[in-house]
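Text of the file structure18.tsv, holding TSV, C-alpha atoms and all ligand atoms:
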```tsv
chain	number	residue	atom	x	y	z
A	530	MET	CA	-26.00	14.09	-3.93
A	531	LYS	CA	-22.89	13.19	-5.98
A	532	VAL	CA	-19.68	12.55	-4.04
A	533	PRO	CA	-16.29	12.37	-5.82
A	534	PHE	CA	-14.21	9.31	-4.90
A	535	HIS	CA	-11.02	11.26	-4.46
A	536	ASN	CA	-9.61	14.70	-3.93
A	537	VAL	CA	-5.91	15.45	-3.53
A	538	HIS	CA	-5.11	17.53	-0.46
A	539	PHE	CA	-2.38	20.03	-1.28
A	540	GLY	CA	-1.85	23.78	-1.18
A	541	ALA	CA	0.46	26.68	-1.85
A	542	THR	CA	3.48	24.94	-0.29
A	543	GLU	CA	3.41	22.10	-2.81
A	544	VAL	CA	2.81	24.50	-5.73
A	545	GLN	CA	5.70	26.70	-4.64
A	546	ALA	CA	7.98	23.68	-4.19
A	547	VAL	CA	7.26	22.58	-7.77
A	548	MET	CA	7.78	26.11	-9.11
A	549	ASN	CA	11.12	26.31	-7.34
A	550	ALA	CA	12.14	22.97	-8.82
A	551	LEU	CA	11.10	24.06	-12.32
A	552	GLU	CA	13.01	27.31	-11.98
A	553	THR	CA	16.23	25.38	-11.41
A	554	ASN	CA	15.68	23.84	-14.87
A	555	TRP	CA	16.76	20.48	-13.40
A	556	LEU	CA	13.97	17.95	-13.92
A	557	SER	CA	16.10	14.83	-14.21
A	558	PRO	CA	18.30	12.87	-13.97
A	559	ARG	CA	19.06	12.75	-10.25
A	560	GLY	CA	17.63	16.13	-9.28
A	561	PRO	CA	18.52	17.38	-5.79
A	562	ALA	CA	14.99	17.00	-4.39
A	563	VAL	CA	15.04	13.26	-5.14
A	564	ALA	CA	17.73	12.31	-2.63
A	565	LYS	CA	16.19	14.70	-0.09
A	566	MET	CA	12.72	13.20	-0.40
A	567	GLY	CA	13.99	9.66	0.20
A	568	MET	CA	16.14	10.57	3.17
A	569	GLU	CA	13.49	12.83	4.73
A	570	TRP	CA	10.93	10.05	4.57
A	571	ALA	CA	13.43	7.61	6.10
A	572	GLU	CA	14.07	10.05	8.92
A	573	LYS	CA	10.35	10.54	9.46
A	574	ILE	CA	9.80	6.81	9.94
A	575	GLY	CA	13.01	6.21	11.88
A	576	MET	CA	15.03	4.35	9.28
A	577	LYS	CA	18.56	5.16	8.17
A	578	TYR	CA	18.21	5.26	4.39
A	579	GLY	CA	15.43	6.07	1.95
A	580	LEU	CA	15.43	6.12	-1.83
A	581	ALA	CA	12.69	8.00	-3.67
A	582	CYS	CA	11.59	6.28	-6.86
A	583	SER	CA	8.83	6.44	-9.43
A	584	SER	CA	6.19	4.25	-7.73
A	585	GLY	CA	5.36	1.95	-4.86
A	586	THR	CA	5.47	-0.95	-7.31
A	587	GLY	CA	9.01	0.03	-8.24
A	588	ALA	CA	9.92	0.27	-4.55
A	589	ILE	CA	8.71	-3.32	-3.97
A	590	HIS	CA	10.48	-4.60	-7.09
A	591	LEU	CA	13.72	-2.92	-5.99
A	592	ALA	CA	13.46	-4.32	-2.45
A	593	LEU	CA	12.80	-7.87	-3.67
A	594	THR	CA	15.71	-7.63	-6.08
A	595	VAL	CA	18.12	-6.47	-3.39
A	596	ALA	CA	16.76	-9.12	-1.01
A	597	GLY	CA	18.12	-11.58	-3.59
A	598	VAL	CA	14.86	-13.01	-4.92
A	599	GLY	CA	15.46	-14.76	-8.23
A	600	ARG	CA	14.12	-17.46	-10.52
A	601	GLY	CA	12.30	-20.21	-8.66
A	602	ASP	CA	12.57	-18.58	-5.22
A	603	LYS	CA	9.47	-18.86	-3.08
A	604	VAL	CA	8.17	-15.64	-1.53
A	605	ALA	CA	5.38	-15.56	1.08
A	606	VAL	CA	2.81	-12.95	0.04
A	607	PRO	CA	-0.74	-12.02	1.04
A	608	THR	CA	-3.39	-13.09	-1.42
A	609	TYR	CA	-5.82	-10.37	-0.28
A	610	THR	CA	-3.99	-7.35	-1.65
A	611	CYS	CA	-3.48	-5.12	-4.63
A	612	SER	CA	-1.52	-6.78	-7.45
A	613	PRO	CA	1.72	-4.76	-6.95
A	614	THR	CA	2.36	-6.55	-3.65
A	615	VAL	CA	2.70	-9.77	-5.66
A	616	PHE	CA	3.54	-9.02	-9.29
A	617	PRO	CA	7.15	-7.93	-8.64
A	618	VAL	CA	7.84	-11.45	-7.28
A	619	SER	CA	6.77	-12.76	-10.68
A	620	TYR	CA	8.82	-10.11	-12.55
A	621	LEU	CA	11.86	-11.76	-10.95
A	622	GLY	CA	10.78	-15.29	-11.82
A	623	GLY	CA	9.98	-15.96	-8.17
A	624	VAL	CA	7.06	-18.07	-6.96
A	625	PRO	CA	4.46	-16.34	-4.76
A	626	VAL	CA	3.24	-18.55	-1.92
A	627	PHE	CA	-0.17	-17.17	-1.02
A	628	VAL	CA	-1.11	-16.52	2.61
A	629	ASP	CA	-4.64	-15.92	3.90
A	630	CYS	CA	-5.73	-12.68	5.61
A	631	GLU	CA	-7.62	-12.00	8.85
A	632	PHE	CA	-10.56	-9.63	9.27
A	633	GLU	CA	-9.24	-7.19	11.89
A	634	THR	CA	-6.58	-5.65	9.64
A	635	TYR	CA	-7.11	-7.47	6.30
A	636	GLY	CA	-3.34	-8.11	6.42
A	637	MET	CA	-1.71	-11.56	6.51
A	638	ASP	CA	-3.01	-13.93	9.14
A	639	PRO	CA	-0.09	-14.68	11.52
A	640	ASP	CA	-0.99	-18.38	11.89
A	641	ALA	CA	-1.32	-18.84	8.15
A	642	LEU	CA	2.08	-17.18	7.67
A	643	ARG	CA	3.65	-19.42	10.33
A	644	GLN	CA	2.36	-22.48	8.48
A	645	VAL	CA	3.71	-21.28	5.15
A	646	LEU	CA	7.14	-20.54	6.63
A	647	ALA	CA	7.22	-23.95	8.33
A	648	GLY	CA	6.13	-25.85	5.23
A	649	HIS	CA	8.20	-24.22	2.48
A	650	ASP	CA	11.70	-23.02	1.77
A	651	ILE	CA	10.87	-19.30	1.75
A	652	LYS	CA	13.42	-16.80	0.44
A	653	ALA	CA	11.58	-13.61	1.54
A	654	ALA	CA	8.18	-12.38	2.65
A	655	VAL	CA	6.12	-9.34	1.68
A	656	SER	CA	3.55	-8.16	4.22
A	657	VAL	CA	0.88	-5.60	3.46
A	658	HIS	CA	-0.61	-2.76	5.52
A	659	LEU	CA	-3.99	-2.09	3.93
A	660	TYR	CA	-6.48	0.77	3.95
A	661	GLY	CA	-4.37	3.01	6.20
A	662	ALA	CA	-3.93	0.49	9.04
A	663	ALA	CA	-1.05	-1.69	10.20
A	664	CYS	CA	-1.27	-5.44	9.79
A	665	GLN	CA	-0.71	-7.55	12.92
A	666	ASP	CA	2.60	-6.66	14.60
A	667	GLN	CA	3.53	-10.36	15.02
A	668	ILE	CA	4.19	-10.65	11.29
A	669	VAL	CA	7.57	-8.96	11.80
A	670	ASP	CA	8.55	-11.28	14.68
A	671	ILE	CA	7.44	-14.39	12.81
A	672	CYS	CA	9.66	-13.51	9.85
A	673	ARG	CA	12.57	-12.56	12.08
A	674	GLU	CA	12.35	-15.83	14.04
A	675	ALA	CA	12.29	-17.77	10.78
A	676	GLY	CA	15.27	-15.77	9.45
A	677	VAL	CA	13.25	-14.64	6.44
A	678	PRO	CA	13.85	-11.09	5.11
A	679	LEU	CA	10.68	-9.03	5.29
A	680	ILE	CA	9.55	-6.33	2.89
A	681	GLU	CA	6.71	-4.28	4.32
A	682	ASP	CA	4.31	-3.02	1.65
A	683	ALA	CA	3.07	0.13	3.36
A	684	CYS	CA	1.89	1.69	0.08
A	685	GLU	CA	-1.65	2.19	1.38
A	686	SER	CA	-0.60	3.27	4.86
A	687	ASP	CA	1.95	6.08	4.61
A	688	GLY	CA	2.45	7.32	8.18
A	689	ALA	CA	0.27	4.73	9.97
A	690	LEU	CA	1.49	3.46	13.33
A	691	TYR	CA	2.03	-0.17	14.27
A	692	ARG	CA	-0.73	-1.60	16.42
A	693	ASP	CA	1.37	-1.17	19.57
A	694	LEU	CA	1.65	2.51	18.51
A	695	ASN	CA	5.42	2.23	18.71
A	696	GLY	CA	6.73	3.46	15.38
A	697	ILE	CA	5.56	4.01	11.81
A	698	VAL	CA	4.78	1.03	9.59
A	699	GLY	CA	7.50	0.07	7.17
A	700	SER	CA	10.27	0.65	9.74
A	701	ARG	CA	10.56	-2.82	11.32
A	702	GLY	CA	11.11	-5.04	8.32
A	703	ASP	CA	14.31	-5.26	6.28
A	704	PHE	CA	12.75	-2.94	3.70
A	705	GLY	CA	9.82	-0.52	3.89
A	706	THR	CA	8.01	0.36	0.67
A	707	PHE	CA	5.66	3.32	0.24
A	708	SER	CA	3.49	4.77	-2.50
A	709	PHE	CA	3.16	8.47	-3.31
A	710	ARG	CA	0.54	7.93	-6.02
A	711	GLY	CA	-2.15	10.58	-6.52
A	712	ASP	CA	-4.82	8.63	-4.65
A	713	LYS	CA	-2.66	7.67	-1.66
A	714	VAL	CA	-2.32	9.29	1.78
A	715	LEU	CA	0.66	11.25	0.41
A	716	THR	CA	1.42	12.00	-3.21
A	717	ALA	CA	4.37	13.19	-5.27
A	718	LEU	CA	2.62	15.04	-8.09
A	719	GLY	CA	0.66	11.99	-9.14
A	720	THR	CA	3.12	9.15	-8.86
A	721	GLY	CA	6.09	8.25	-6.72
A	722	GLY	CA	7.40	5.86	-4.12
A	723	VAL	CA	10.08	5.38	-1.49
A	724	VAL	CA	12.00	2.29	-0.41
A	725	THR	CA	13.72	2.38	2.97
A	726	THR	CA	16.30	0.22	4.74
A	727	ASN	CA	18.76	0.35	7.64
A	728	ASP	CA	21.42	-1.56	5.70
A	729	GLU	CA	24.03	0.63	4.04
A	730	ALA	CA	25.10	-2.00	1.49
A	731	ALA	CA	21.48	-2.68	0.56
A	732	PHE	CA	20.90	1.05	0.13
A	733	GLU	CA	23.87	1.25	-2.23
A	734	LEU	CA	22.46	-1.61	-4.30
A	735	LEU	CA	18.96	-0.09	-4.33
A	736	GLN	CA	20.45	3.00	-5.92
A	737	TYR	CA	22.23	1.01	-8.63
A	738	TYR	CA	19.09	-0.94	-9.46
A	739	CYS	CA	16.91	2.17	-9.47
A	740	ASP	CA	19.15	4.03	-11.92
A	741	LEU	CA	20.18	1.60	-14.67
A	742	GLY	CA	23.26	0.52	-12.74
A	743	LEU	CA	24.71	4.03	-13.03
A	744	HIS	CA	24.90	5.10	-9.41
A	745	ASN	CA	28.32	6.20	-8.13
A	746	THR	CA	30.06	6.06	-11.47
A	747	SER	CA	32.69	8.68	-12.17
A	748	ALA	CA	32.26	11.28	-14.91
A	749	MET	CA	34.32	9.36	-17.46
A	750	GLY	CA	33.55	5.89	-16.12
A	751	ARG	CA	29.82	6.45	-16.49
A	752	TYR	CA	29.08	3.56	-18.82
A	753	ARG	CA	31.97	1.30	-17.84
A	754	ASP	CA	31.51	-1.69	-15.57
A	755	LEU	CA	27.81	-1.47	-14.80
A	756	PRO	CA	27.61	-3.71	-11.71
A	757	VAL	CA	23.97	-4.86	-12.05
A	758	VAL	CA	21.20	-5.10	-14.62
A	759	GLY	CA	19.44	-1.99	-13.36
A	760	TYR	CA	15.93	-0.72	-13.97
A	761	ASN	CA	14.79	2.84	-14.53
A	762	TYR	CA	12.61	3.74	-11.57
A	763	GLU	CA	13.62	7.39	-11.39
A	764	ILE	CA	11.23	10.02	-10.04
A	765	SER	CA	11.44	13.55	-11.46
A	766	ASN	CA	12.87	16.41	-9.43
A	767	ALA	CA	9.56	18.33	-9.57
A	768	ALA	CA	7.59	15.32	-8.33
A	769	ALA	CA	10.07	14.79	-5.50
A	770	ALA	CA	9.77	18.47	-4.55
A	771	PHE	CA	5.99	18.03	-4.30
A	772	GLY	CA	6.48	14.82	-2.31
A	773	ARG	CA	8.75	16.57	0.21
A	774	ALA	CA	6.08	19.21	0.85
A	775	GLN	CA	3.50	16.45	1.33
A	776	ILE	CA	5.72	14.74	3.91
A	777	GLU	CA	5.66	18.00	5.88
A	778	ARG	CA	1.88	18.00	5.68
A	779	LEU	CA	1.42	14.44	6.96
A	780	PRO	CA	0.19	15.29	10.51
A	781	GLU	CA	-2.51	17.57	9.09
A	782	ILE	CA	-3.59	14.97	6.53
A	783	ILE	CA	-3.84	12.25	9.18
A	784	GLU	CA	-5.85	14.48	11.50
A	785	LEU	CA	-8.37	15.28	8.74
A	786	ARG	CA	-8.69	11.65	7.68
A	787	ARG	CA	-9.19	10.45	11.24
A	788	ALA	CA	-11.86	13.10	11.83
A	789	ASN	CA	-13.70	11.80	8.75
A	790	ALA	CA	-13.44	8.24	10.05
A	791	ASP	CA	-14.97	9.35	13.37
A	792	LYS	CA	-17.82	10.92	11.43
A	793	TRP	CA	-18.34	7.72	9.43
A	794	ARG	CA	-18.50	5.68	12.64
A	795	ALA	CA	-20.96	8.06	14.29
A	796	CYS	CA	-23.23	7.92	11.22
A	797	LEU	CA	-23.15	4.11	11.07
A	798	ASP	CA	-23.72	3.61	14.76
A	799	GLY	CA	-26.38	1.00	15.36
A	800	GLY	CA	-26.40	-0.49	11.85
A	801	ASP	CA	-25.77	-4.25	12.20
A	802	ALA	CA	-25.65	-5.08	8.50
A	803	VAL	CA	-22.41	-3.15	7.93
A	804	GLN	CA	-19.18	-3.75	9.79
A	805	PRO	CA	-16.58	-0.98	9.76
A	806	MET	CA	-12.93	-1.97	10.11
A	807	PRO	CA	-11.99	-1.91	13.82
A	808	ASP	CA	-10.41	1.40	14.77
A	809	TYR	CA	-7.10	1.93	16.57
A	810	PRO	CA	-5.23	5.20	17.14
A	811	GLY	CA	-2.54	4.57	14.49
A	812	HIS	CA	-4.99	4.13	11.59
A	813	VAL	CA	-4.58	6.85	8.91
A	814	TYR	CA	-7.72	5.93	6.94
A	815	TYR	CA	-6.51	5.79	3.38
A	816	GLN	CA	-9.99	4.40	2.78
A	817	PHE	CA	-12.96	3.51	4.95
A	818	PRO	CA	-13.71	-0.22	4.49
A	819	LEU	CA	-17.11	-1.69	5.26
A	820	MET	CA	-17.84	-5.39	5.33
A	821	PHE	CA	-21.37	-6.26	4.21
A	822	ASP	CA	-23.41	-9.33	4.97
A	823	THR	CA	-23.32	-10.76	1.43
A	824	GLY	CA	-23.06	-14.43	2.41
A	825	SER	CA	-19.64	-14.23	0.69
A	826	ASP	CA	-21.41	-14.08	-2.66
A	827	TYR	CA	-19.92	-11.56	-5.07
A	828	ARG	CA	-23.23	-11.36	-6.99
A	829	VAL	CA	-24.90	-9.92	-3.87
A	830	LEU	CA	-22.01	-7.45	-3.56
A	831	ASP	CA	-22.33	-6.56	-7.26
A	832	ARG	CA	-26.05	-5.80	-6.83
A	833	LEU	CA	-25.26	-3.60	-3.84
A	834	GLY	CA	-22.60	-1.83	-5.87
A	835	GLU	CA	-25.09	-1.10	-8.64
A	836	ARG	CA	-27.54	0.43	-6.15
A	837	LEU	CA	-24.81	2.59	-4.60
A	838	MET	CA	-23.75	3.81	-8.05
A	839	GLU	CA	-27.33	4.67	-8.92
A	840	ARG	CA	-27.51	6.75	-5.76
A	841	GLY	CA	-24.22	8.57	-6.39
A	842	VAL	CA	-22.21	6.88	-3.63
A	843	PRO	CA	-18.60	6.32	-4.72
A	844	PHE	CA	-16.72	3.19	-3.67
A	845	ILE	CA	-14.18	0.77	-4.96
A	846	PRO	CA	-14.57	-3.00	-4.86
A	847	PRO	CA	-12.46	-5.28	-2.66
A	848	PHE	CA	-9.38	-7.15	-3.83
A	849	TRP	CA	-10.25	-10.26	-5.74
A	850	PRO	CA	-7.78	-12.72	-4.18
A	851	MET	CA	-4.54	-12.93	-6.11
A	852	HIS	CA	-4.62	-16.75	-6.13
A	853	TRP	CA	-7.79	-16.47	-8.27
A	854	GLN	CA	-6.17	-14.17	-10.83
A	855	PRO	CA	-5.44	-15.54	-14.34
A	856	PRO	CA	-1.62	-15.11	-14.14
A	857	TYR	CA	-1.65	-17.55	-11.20
A	858	GLU	CA	-3.67	-20.33	-12.80
A	859	SER	CA	-0.76	-22.63	-13.59
A	860	ALA	CA	0.82	-24.82	-10.90
A	861	GLU	CA	4.32	-23.49	-11.71
A	862	SER	CA	3.34	-19.83	-11.28
A	863	CYS	CA	2.60	-19.93	-7.54
A	864	VAL	CA	1.82	-22.05	-4.48
A	865	LYS	CA	-1.79	-21.93	-3.29
A	866	THR	CA	-2.83	-22.51	0.30
A	867	ALA	CA	-6.34	-22.49	1.78
A	868	CYS	CA	-7.41	-18.82	1.95
A	869	PRO	CA	-11.10	-18.80	2.99
A	870	LYS	CA	-10.97	-15.38	4.66
A	871	ALA	CA	-9.44	-13.68	1.64
A	872	GLU	CA	-12.10	-15.29	-0.53
A	873	ALA	CA	-14.83	-14.02	1.82
A	874	ALA	CA	-13.34	-10.51	2.05
A	875	GLY	CA	-13.09	-10.38	-1.74
A	876	GLN	CA	-16.85	-10.83	-1.94
A	877	SER	CA	-18.09	-8.71	0.94
A	878	VAL	CA	-15.99	-5.55	1.46
A	879	LEU	CA	-16.40	-2.16	-0.20
A	880	LEU	CA	-14.04	0.79	0.23
A	881	PHE	CA	-15.42	4.26	0.73
A	882	PRO	CA	-13.68	7.64	0.58
A	883	CYS	CA	-12.21	9.21	3.69
A	884	TYR	CA	-10.04	11.92	2.12
A	885	PRO	CA	-9.45	15.38	3.60
A	886	GLY	CA	-11.99	17.74	2.07
A	887	LEU	CA	-14.99	15.41	2.33
A	888	ALA	CA	-17.89	17.36	3.78
A	889	GLY	CA	-19.75	16.09	6.84
A	890	GLU	CA	-23.00	15.95	4.84
A	891	GLN	CA	-21.31	13.81	2.19
A	892	ILE	CA	-20.27	11.26	4.82
A	893	GLU	CA	-23.76	11.36	6.35
A	894	TYR	CA	-25.27	10.70	2.93
A	895	MET	CA	-22.92	7.82	2.07
A	896	ALA	CA	-23.44	6.18	5.47
A	897	GLN	CA	-27.20	6.57	5.24
A	898	VAL	CA	-27.32	4.98	1.77
A	899	CYS	CA	-25.04	2.13	2.91
A	900	LEU	CA	-27.37	1.39	5.82
A	901	GLU	CA	-30.44	1.53	3.59
A	902	GLU	CA	-29.01	-0.63	0.82
A	903	ALA	CA	-27.05	-3.12	2.93
A	904	PRO	CA	-28.01	-6.72	2.24
A	905	THR	CA	-29.02	-8.70	5.32
A	906	ALA	CA	-29.35	-12.39	6.07
A	907	ALA	CA	-33.06	-11.90	5.43
A	908	GLY	CA	-32.35	-10.69	1.88
A	909	THR	CA	-31.26	-7.71	-0.15
A	910	PRO	CA	-33.50	-4.63	0.16
A	911	ALA	CA	-35.89	-4.44	-2.80
A	1001	LIG	C1	-1.23	-2.48	-1.42
A	1001	LIG	C2	-0.52	-1.74	-2.51
A	1001	LIG	N1	0.74	-2.06	-2.78
A	1001	LIG	C3	1.43	-1.43	-3.72
A	1001	LIG	C4	0.88	-0.42	-4.48
A	1001	LIG	C5	1.68	0.19	-5.57
A	1001	LIG	O1	1.87	1.55	-5.47
A	1001	LIG	P1	2.01	2.43	-6.80
A	1001	LIG	O2	0.65	2.63	-7.36
A	1001	LIG	O3	2.65	3.70	-6.32
A	1001	LIG	O4	2.90	1.68	-7.74
A	1001	LIG	C6	-0.47	-0.05	-4.24
A	1001	LIG	C7	-1.14	1.03	-4.98
A	1001	LIG	O5	-1.39	1.07	-6.10
A	1001	LIG	C8	-1.18	-0.73	-3.23
A	1001	LIG	O6	-2.47	-0.44	-2.99
```

Could you express the structure from this file as structure tokens?
Ligand SMILES: Cc1ncc(COP(=O)(O)O)c(C=O)c1O
Amino acid sequence: MKVPFHNVHFGATEVQAVMNALETNWLSPRGPAVAKMGMEWAEKIGMKYGLACSSGTGAIHLALTVAGVGRGDKVAVPTYTCSPTVFPVSYLGGVPVFVDCEFETYGMDPDALRQVLAGHDIKAAVSVHLYGAACQDQIVDICREAGVPLIEDACESDGALYRDLNGIVGSRGDFGTFSFRGDKVLTALGTGGVVTTNDEAAFELLQYYCDLGLHNTSAMGRYRDLPVVGYNYEISNAAAAFGRAQIERLPEIIELRRANADKWRACLDGGDAVQPMPDYPGHVYYQFPLMFDTGSDYRVLDRLGERLMERGVPFIPPFWPMHWQPPYESAESCVKTACPKAEAAGQSVLLFPCYPGLAGEQIEYMAQVCLEEAPTAAGTPA
């Protein structure tokens, strides 16, 4: 059996929304669907303001900029994450201070974050909600108590609930950042993002930075007195129209993903050599992570990966910790702390598909192969 790694879930509503946008002949700049998409997402998650932009990476870069991060500023970041959680700190000349993860959520470990905030002069923090789940809820309180602005990277967890089930992730920090890339829980015709805030002045600045400093200029004053060195993170009107239709579809998408996760769990029941991520009702299952007993040795994980590929089981590898990445080799580029859990996760987790449209037999097959090929303390299957 061959199982595709991804399949975008959309239908006639999204197609019609794009057609309508095309018929207006207004693709950019500043098409009407763009402002609507941002504000509709903000409303959905219970925040006051949302700005749609071209990617989740752009959303994080914009949020860090408006949070005032500049050259030499230290920013607490997870090391176990996708590069866009961290790279925008470096775009700004900031210094990432790496924080270890924990294994329940794969997000930042609250104790490790506390230590970093106590030991360094931290300008801002970026937390990450991975794989469709919320990180530990205390992360928000820890940052608030320390007076450190928090940017929540919810790019992998559009629509997930906090662990106390009280609200959607991205709505408790100073900024929420979301991805609408083609492989995410929601998409905006292949790429897109949203950054949210409750602060009106910050929202105003986000708009200037997103649009080359041009926001709110009068017709004739367009290129006079640009207030900031802005970027171009604009999303097209057609993409935003698609994104708005996806926002409407979120409950259906979550239901289908959660049903697939239930199926995965039922198929894995009783297999000790694979550990699924602990479930909770707010998980939206962007992916289905499994931790394997590799002895934290990436070569064992690589051999497993080869076997899975041979048998047509799609997966993606775990995050190689950011503090091990070449751009962070030099002492000036970052601050490293002990991150043993991130290093272990980076050598023992694989991510499997959980998208709407996966057939029950496909999940059964993937689970069966994972159980058969899983390395154990006694050794890798021959
Ligand atoms: C954890 C995380 N943060 C940020 C991003 C960036 O989102 P985008 O691809 O829309 O730039 C991604 C996805 O690529 C991600 O997985």

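Closest to Ala860 of chain A among A:Ala588, A:Val624, A:Leu580, A:Val724 is A:Val624, based on all atoms listed in the file.
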
Would you write out, as a Markdown table, a table of all residues in chain A that have an atom no more than 6 Å from an atom of ligand LIG 1001 (chain A), listing for each the closest atom pair and the distance in Å to one decimal, considering only C-alpha atoms and all ligand atoms and ordering rows by chain and rising residue number?
```
| residue | atom | partner | partner_atom | distance |
| --- | --- | --- | --- | --- |
| A:Ser584 | CA | A:LIG1001 | O3 | 3.8 |
| A:Gly585 | CA | A:LIG1001 | O3 | 3.5 |
| A:Thr586 | CA | A:LIG1001 | O4 | 3.7 |
| A:Thr610 | CA | A:LIG1001 | C1 | 5.6 |
| A:Cys611 | CA | A:LIG1001 | C1 | 4.7 |
| A:Pro613 | CA | A:LIG1001 | C3 | 4.6 |
| A:Thr614 | CA | A:LIG1001 | N1 | 4.9 |
| A:Asp682 | CA | A:LIG1001 | N1 | 5.8 |
| A:Cys684 | CA | A:LIG1001 | N1 | 4.9 |
| A:Glu685 | CA | A:LIG1001 | O6 | 5.2 |
| A:Ser708 | CA | A:LIG1001 | O3 | 4.1 |
| A:Phe709 | CA | A:LIG1001 | O3 | 5.7 |
| A:Arg710 | CA | A:LIG1001 | O3 | 4.7 |
| A:Gly721 | CA | A:LIG1001 | O3 | 5.7 |
| A:Gly722 | CA | A:LIG1001 | O3 | 5.7 |
```

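The closest residue to Pro846 of chain A, picked from A:Ala871, A:Ala564, A:Val813, A:Leu880 and counting all atoms listed in the file, is A:Leu880.
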
Minimum-distance residue to Glu784 of chain A, chosen among A:Ala592, A:Val537, A:Val714, A:Val803 (using only C-alpha atoms): A:Val714

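Here atom CA of Val655 of chain A is placed at a distance of 9.4 Å from atom CA of Phe704 of chain A.
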
Pull the neighbourhood of (15.8, 4.6, -0.8) for me: all residues within 6 Å in file coordinates, counting all atoms listed in the file, as an MDAnalysis selection string. chainID A and resid 567 578:581 723:725

Hey, can you check how far atom CA of Phe616 of chain A sits from atom CA of Leu679 of chain A? 16.2 Å

Just the residues within 12 Å of His649 of chain A, please, counting all atoms listed in the file, with nothing from its chain fewer than 6 positions along; format it as number ranges by chain. A: 602-605, 624-627, 642-643, 675, 677, 864-866

Write the residues of the preceding selection, restricted to C-alpha atoms, as a short mmCIF file (atom, residue, chain, number, x, y, z; two decimals), keeping the file's coordinate frame.
```cif
data_model
loop_
_atom_site.label_atom_id
_atom_site.label_comp_id
_atom_site.auth_asym_id
_atom_site.auth_seq_id
_atom_site.Cartn_x
_atom_site.Cartn_y
_atom_site.Cartn_z
CA ASP A 602 12.57 -18.58 -5.22
CA LYS A 603 9.47 -18.86 -3.08
CA VAL A 604 8.17 -15.64 -1.53
CA ALA A 605 5.38 -15.56 1.08
CA VAL A 624 7.06 -18.07 -6.96
CA PRO A 625 4.46 -16.34 -4.76
CA VAL A 626 3.24 -18.55 -1.92
CA PHE A 627 -0.17 -17.17 -1.02
CA LEU A 642 2.08 -17.18 7.67
CA ARG A 643 3.65 -19.42 10.33
CA ALA A 675 12.29 -17.77 10.78
CA VAL A 677 13.25 -14.64 6.44
CA VAL A 864 1.82 -22.05 -4.48
CA LYS A 865 -1.79 -21.93 -3.29
CA THR A 866 -2.83 -22.51 0.30
#
```

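Counting only C-alpha atoms, the residue from A:Ile845, A:Leu690, A:Val757, A:Val606 that sits nearest to Glu733 of chain A is A:Val757.
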